[in-house]
$ cat my_file_33.pdb   # PDB, C-alpha atoms
ATOM      1  CA  MET A 174     -96.524 -39.760 -26.382
ATOM      2  CA  SER A 175     -94.606 -38.434 -29.390
ATOM      3  CA  GLU A 176     -96.544 -38.198 -32.632
ATOM      4  CA  ILE A 177     -94.549 -35.717 -34.728
ATOM      5  CA  PRO A 178     -91.662 -37.337 -36.612
ATOM      6  CA  ILE A 179     -88.113 -36.049 -36.230
ATOM      7  CA  ALA A 180     -87.064 -35.677 -39.894
ATOM      8  CA  PRO A 181     -89.468 -32.815 -40.798
ATOM      9  CA  ILE A 182     -88.360 -30.868 -37.709
ATOM     10  CA  GLU A 183     -84.717 -31.234 -38.710
ATOM     11  CA  ARG A 184     -85.573 -30.009 -42.234
ATOM     12  CA  ILE A 185     -87.341 -26.938 -40.801
ATOM     13  CA  ILE A 186     -84.251 -26.043 -38.728
ATOM     14  CA  LYS A 187     -81.922 -26.544 -41.704
ATOM     15  CA  LYS A 188     -84.143 -24.449 -43.986
ATOM     16  CA  THR A 189     -83.692 -21.471 -41.644
ATOM     17  CA  GLY A 190     -79.943 -21.533 -42.319
ATOM     18  CA  ALA A 191     -78.442 -24.072 -39.895
ATOM     19  CA  GLN A 192     -75.359 -25.833 -41.225
ATOM     20  CA  ARG A 193     -75.545 -28.595 -38.610
ATOM     21  CA  VAL A 194     -78.125 -29.498 -35.975
ATOM     22  CA  SER A 195     -77.532 -31.713 -32.937
ATOM     23  CA  GLY A 196     -79.972 -34.553 -32.349
ATOM     24  CA  ASP A 197     -81.070 -33.274 -28.950
ATOM     25  CA  ALA A 198     -81.852 -29.849 -30.473
ATOM     26  CA  VAL A 199     -84.280 -31.506 -32.884
ATOM     27  CA  TYR A 200     -85.914 -33.480 -30.049
ATOM     28  CA  ALA A 201     -86.201 -30.332 -27.914
ATOM     29  CA  LEU A 202     -88.054 -28.476 -30.678
ATOM     30  CA  ARG A 203     -90.244 -31.487 -31.469
ATOM     31  CA  ASN A 204     -91.235 -31.883 -27.811
ATOM     32  CA  ILE A 205     -92.206 -28.252 -27.274
ATOM     33  CA  MET A 206     -94.177 -28.255 -30.539
ATOM     34  CA  GLU A 207     -96.074 -31.318 -29.419
ATOM     35  CA  GLU A 208     -96.903 -29.708 -26.065
ATOM     36  CA  TRP A 209     -98.209 -26.580 -27.830
ATOM     37  CA  ALA A 210    -100.295 -28.632 -30.201
ATOM     38  CA  GLU A 211    -101.832 -30.555 -27.316
ATOM     39  CA  ASP A 212    -102.658 -27.331 -25.441
ATOM     40  CA  ILE A 213    -104.363 -25.825 -28.490
ATOM     41  CA  ALA A 214    -106.195 -29.042 -29.309
ATOM     42  CA  TYR A 215    -107.422 -29.338 -25.730
ATOM     43  CA  LYS A 216    -108.840 -25.802 -25.813
ATOM     44  CA  ALA A 217    -110.428 -26.419 -29.221
ATOM     45  CA  VAL A 218    -112.132 -29.591 -27.962
ATOM     46  CA  ARG A 219    -113.569 -27.691 -24.988
ATOM     47  CA  ILE A 220    -114.836 -24.897 -27.249
ATOM     48  CA  ALA A 221    -116.534 -27.331 -29.643
ATOM     49  CA  ARG A 222    -118.109 -29.198 -26.712
ATOM     50  CA  HIS A 223    -119.303 -25.922 -25.203
ATOM     51  CA  SER A 224    -120.978 -25.155 -28.554
ATOM     52  CA  GLY A 225    -122.690 -28.555 -28.616
ATOM     53  CA  ARG A 226    -120.609 -29.838 -31.544
ATOM     54  CA  LYS A 227    -118.792 -33.147 -31.845
ATOM     55  CA  THR A 228    -116.609 -32.016 -34.747
ATOM     56  CA  ILE A 229    -113.609 -29.767 -34.125
ATOM     57  CA  ASN A 230    -113.547 -27.158 -36.905
ATOM     58  CA  LYS A 231    -111.018 -24.610 -38.130
ATOM     59  CA  GLY A 232    -112.540 -21.805 -36.053
ATOM     60  CA  ASP A 233    -112.159 -23.847 -32.851
ATOM     61  CA  ILE A 234    -108.436 -24.114 -33.578
ATOM     62  CA  GLU A 235    -108.087 -20.448 -34.547
ATOM     63  CA  VAL A 236    -109.665 -19.101 -31.373
ATOM     64  CA  SER A 237    -107.493 -21.451 -29.295
ATOM     65  CA  ILE A 238    -104.129 -20.226 -30.610
TER
ATOM     66  CA  MET B 215     -93.346 -25.008 -47.557
ATOM     67  CA  SER B 216     -95.106 -27.618 -45.415
ATOM     68  CA  GLU B 217     -92.869 -30.194 -43.766
ATOM     69  CA  ILE B 218     -94.998 -31.566 -40.931
ATOM     70  CA  PRO B 219     -97.328 -34.361 -42.036
ATOM     71  CA  ILE B 220    -101.068 -34.157 -41.396
ATOM     72  CA  ALA B 221    -101.746 -37.570 -39.791
ATOM     73  CA  PRO B 222     -99.770 -36.984 -36.550
ATOM     74  CA  ILE B 223    -101.541 -33.644 -36.049
ATOM     75  CA  GLU B 224    -104.926 -35.311 -36.416
ATOM     76  CA  ARG B 225    -103.885 -37.971 -33.869
ATOM     77  CA  ILE B 226    -102.838 -35.265 -31.383
ATOM     78  CA  ILE B 227    -106.251 -33.566 -31.688
ATOM     79  CA  LYS B 228    -108.104 -36.882 -31.304
ATOM     80  CA  LYS B 229    -106.007 -37.855 -28.260
ATOM     81  CA  THR B 230    -107.242 -34.727 -26.471
ATOM     82  CA  GLY B 231    -110.820 -36.005 -26.709
ATOM     83  CA  ALA B 232    -112.143 -34.922 -30.099
ATOM     84  CA  GLN B 233    -114.703 -37.292 -31.581
ATOM     85  CA  ARG B 234    -114.366 -35.829 -35.084
ATOM     86  CA  VAL B 235    -111.992 -33.297 -36.608
ATOM     87  CA  SER B 236    -112.553 -31.378 -39.858
ATOM     88  CA  GLY B 237    -109.743 -31.429 -42.410
ATOM     89  CA  ASP B 238    -109.273 -27.667 -42.381
ATOM     90  CA  ALA B 239    -108.914 -27.717 -38.570
ATOM     91  CA  VAL B 240    -105.987 -30.122 -38.913
ATOM     92  CA  TYR B 241    -104.381 -27.944 -41.598
ATOM     93  CA  ALA B 242    -104.864 -24.808 -39.476
ATOM     94  CA  LEU B 243    -103.058 -26.384 -36.521
ATOM     95  CA  ARG B 244    -100.301 -27.793 -38.735
ATOM     96  CA  ASN B 245     -99.687 -24.415 -40.365
ATOM     97  CA  ILE B 246     -99.412 -22.459 -37.122
ATOM     98  CA  MET B 247     -97.108 -25.131 -35.672
ATOM     99  CA  GLU B 248     -94.869 -24.867 -38.687
ATOM    100  CA  GLU B 249     -94.701 -21.075 -38.378
ATOM    101  CA  TRP B 250     -93.767 -21.376 -34.691
ATOM    102  CA  ALA B 251     -91.094 -23.929 -35.439
ATOM    103  CA  GLU B 252     -89.593 -21.693 -38.112
ATOM    104  CA  ASP B 253     -89.544 -18.692 -35.757
ATOM    105  CA  ILE B 254     -87.789 -20.676 -33.028
ATOM    106  CA  ALA B 255     -85.338 -22.259 -35.472
ATOM    107  CA  TYR B 256     -84.495 -18.870 -36.945
ATOM    108  CA  LYS B 257     -83.712 -17.447 -33.492
ATOM    109  CA  ALA B 258     -81.661 -20.546 -32.606
ATOM    110  CA  VAL B 259     -79.601 -20.217 -35.804
ATOM    111  CA  ARG B 260     -78.840 -16.572 -35.019
ATOM    112  CA  ILE B 261     -77.821 -17.435 -31.442
ATOM    113  CA  ALA B 262     -75.468 -20.209 -32.594
ATOM    114  CA  ARG B 263     -73.947 -17.924 -35.225
ATOM    115  CA  HIS B 264     -73.512 -15.157 -32.643
ATOM    116  CA  SER B 265     -71.622 -17.690 -30.482
ATOM    117  CA  GLY B 266     -69.373 -18.668 -33.384
ATOM    118  CA  ARG B 267     -70.847 -22.163 -33.718
ATOM    119  CA  LYS B 268     -72.035 -23.933 -36.858
ATOM    120  CA  THR B 269     -74.036 -26.566 -34.975
ATOM    121  CA  ILE B 270     -77.430 -25.699 -33.483
ATOM    122  CA  ASN B 271     -77.608 -27.335 -30.050
ATOM    123  CA  LYS B 272     -80.373 -27.989 -27.531
ATOM    124  CA  GLY B 273     -79.585 -24.813 -25.559
ATOM    125  CA  ASP B 274     -79.992 -22.668 -28.680
ATOM    126  CA  ILE B 275     -83.507 -24.056 -29.068
ATOM    127  CA  GLU B 276     -84.358 -23.715 -25.381
ATOM    128  CA  VAL B 277     -83.397 -20.038 -25.156
ATOM    129  CA  SER B 278     -85.366 -19.330 -28.344
ATOM    130  CA  ILE B 279     -88.702 -20.671 -27.094
TER
END
$ encode --input "my_file_33.pdb" --output "structure tokens"
Amino acid sequence: MSEIPIAPIERIIKKTGAQRVSGDAVYALRNIMEEWAEDIAYKAVRIARHSGRKTINKGDIEVSI
Amino acid sequence: MSEIPIAPIERIIKKTGAQRVSGDAVYALRNIMEEWAEDIAYKAVRIARHSGRKTINKGDIEVSI
């Protein structure tokens, strides 16, 4: 299921000021991000389909957030 | 600023049933995901600091979602 790699998520957490980050904290953030992305993508696909388009465009994503 | 790579985001959108995805749709989803991740990470860092810990753990992430 998981698509998003772990290393970028760890970098994001460290950039916000964390000195150390546990491995399961990184996985927890990665997993919730992936769920959000899937929810938004699913809505965007339905909106594009409803509009008779096969291509998901930026507006489909924006109205699904 | 951007840490999350584009290819996994495109795969997530395609897995939800999209036949085609425009490039700017992928970037739009990536950018909002990155903003969310930063917001959560920032809260988690503050919670850990408030608890006198230097390590961000899974619970810090979970209460920040």
$ resolve_selection --input "my_file_33.pdb" --expression "the PyMOL selection byres ((chain A and resi 202) around 10)" --output "compact mmCIF listing (two decimals) with C-alpha atoms, in the coordinates of the input"
# COMPACT_ATOMS: atom_id res chain seq x y z
CA ILE A 179 -88.11 -36.05 -36.23
CA ILE A 182 -88.36 -30.87 -37.71
CA GLU A 183 -84.72 -31.23 -38.71
CA ILE A 186 -84.25 -26.04 -38.73
CA ASP A 197 -81.07 -33.27 -28.95
CA ALA A 198 -81.85 -29.85 -30.47
CA VAL A 199 -84.28 -31.51 -32.88
CA TYR A 200 -85.91 -33.48 -30.05
CA ALA A 201 -86.20 -30.33 -27.91
CA ARG A 203 -90.24 -31.49 -31.47
CA ASN A 204 -91.24 -31.88 -27.81
CA ILE A 205 -92.21 -28.25 -27.27
CA MET A 206 -94.18 -28.26 -30.54
CA GLU A 207 -96.07 -31.32 -29.42
CA TRP B 250 -93.77 -21.38 -34.69
CA ALA B 251 -91.09 -23.93 -35.44
CA ILE B 254 -87.79 -20.68 -33.03
CA ALA B 255 -85.34 -22.26 -35.47
CA LYS B 272 -80.37 -27.99 -27.53
CA ILE B 275 -83.51 -24.06 -29.07
CA GLU B 276 -84.36 -23.72 -25.38
CA SER B 278 -85.37 -19.33 -28.34
CA ILE B 279 -88.70 -20.67 -27.09
$ residues_around --input "my_file_33.pdb" --residues "B:Ile270" --least-positions-apart "2" --cutoff "10 Å" --atoms "all atoms listed in the file" --output "list in words"
Ile186, Lys187, Ala191, Gln192, Arg193, Val194, Ser195, Gly196, Asp197, Ala198 and Val199 of chain A; Ala255, Ala258, Val259, Arg260, Ile261, Ala262, Arg263, Arg267, Lys268, Lys272, Gly273, Asp274 and Ile275 of chain B
$ atom_distance --input "my_file_33.pdb" --atom1 "atom CA of B:Glu249" --atom2 "atom CA of B:Pro219"
14.0 Å
$ atom_distance --input "my_file_33.pdb" --atom1 "atom CA of B:Asn271" --atom2 "atom CA of A:Ala180"
16.0 Å
$ atom_distance --input "my_file_33.pdb" --atom1 "atom CA of B:Arg225" --atom2 "atom CA of A:Lys188"
26.0 Å
$ axis_aligned_box --input "my_file_33.pdb" --around "stretch 180-188 of chain A" --padding-each-side "6 Å" --output "AutoDock Vina command-line options"
--center_x -85.7 --center_y -30.1 --center_z -40.8 --size_x 19.5 --size_y 23.2 --size_z 18.3
$ closest_residue --input "my_file_33.pdb" --among "A:Thr189, A:Lys216, A:Val236, A:Ser224" --to "chain B" --atoms "all atoms listed in the file"
A:Thr189
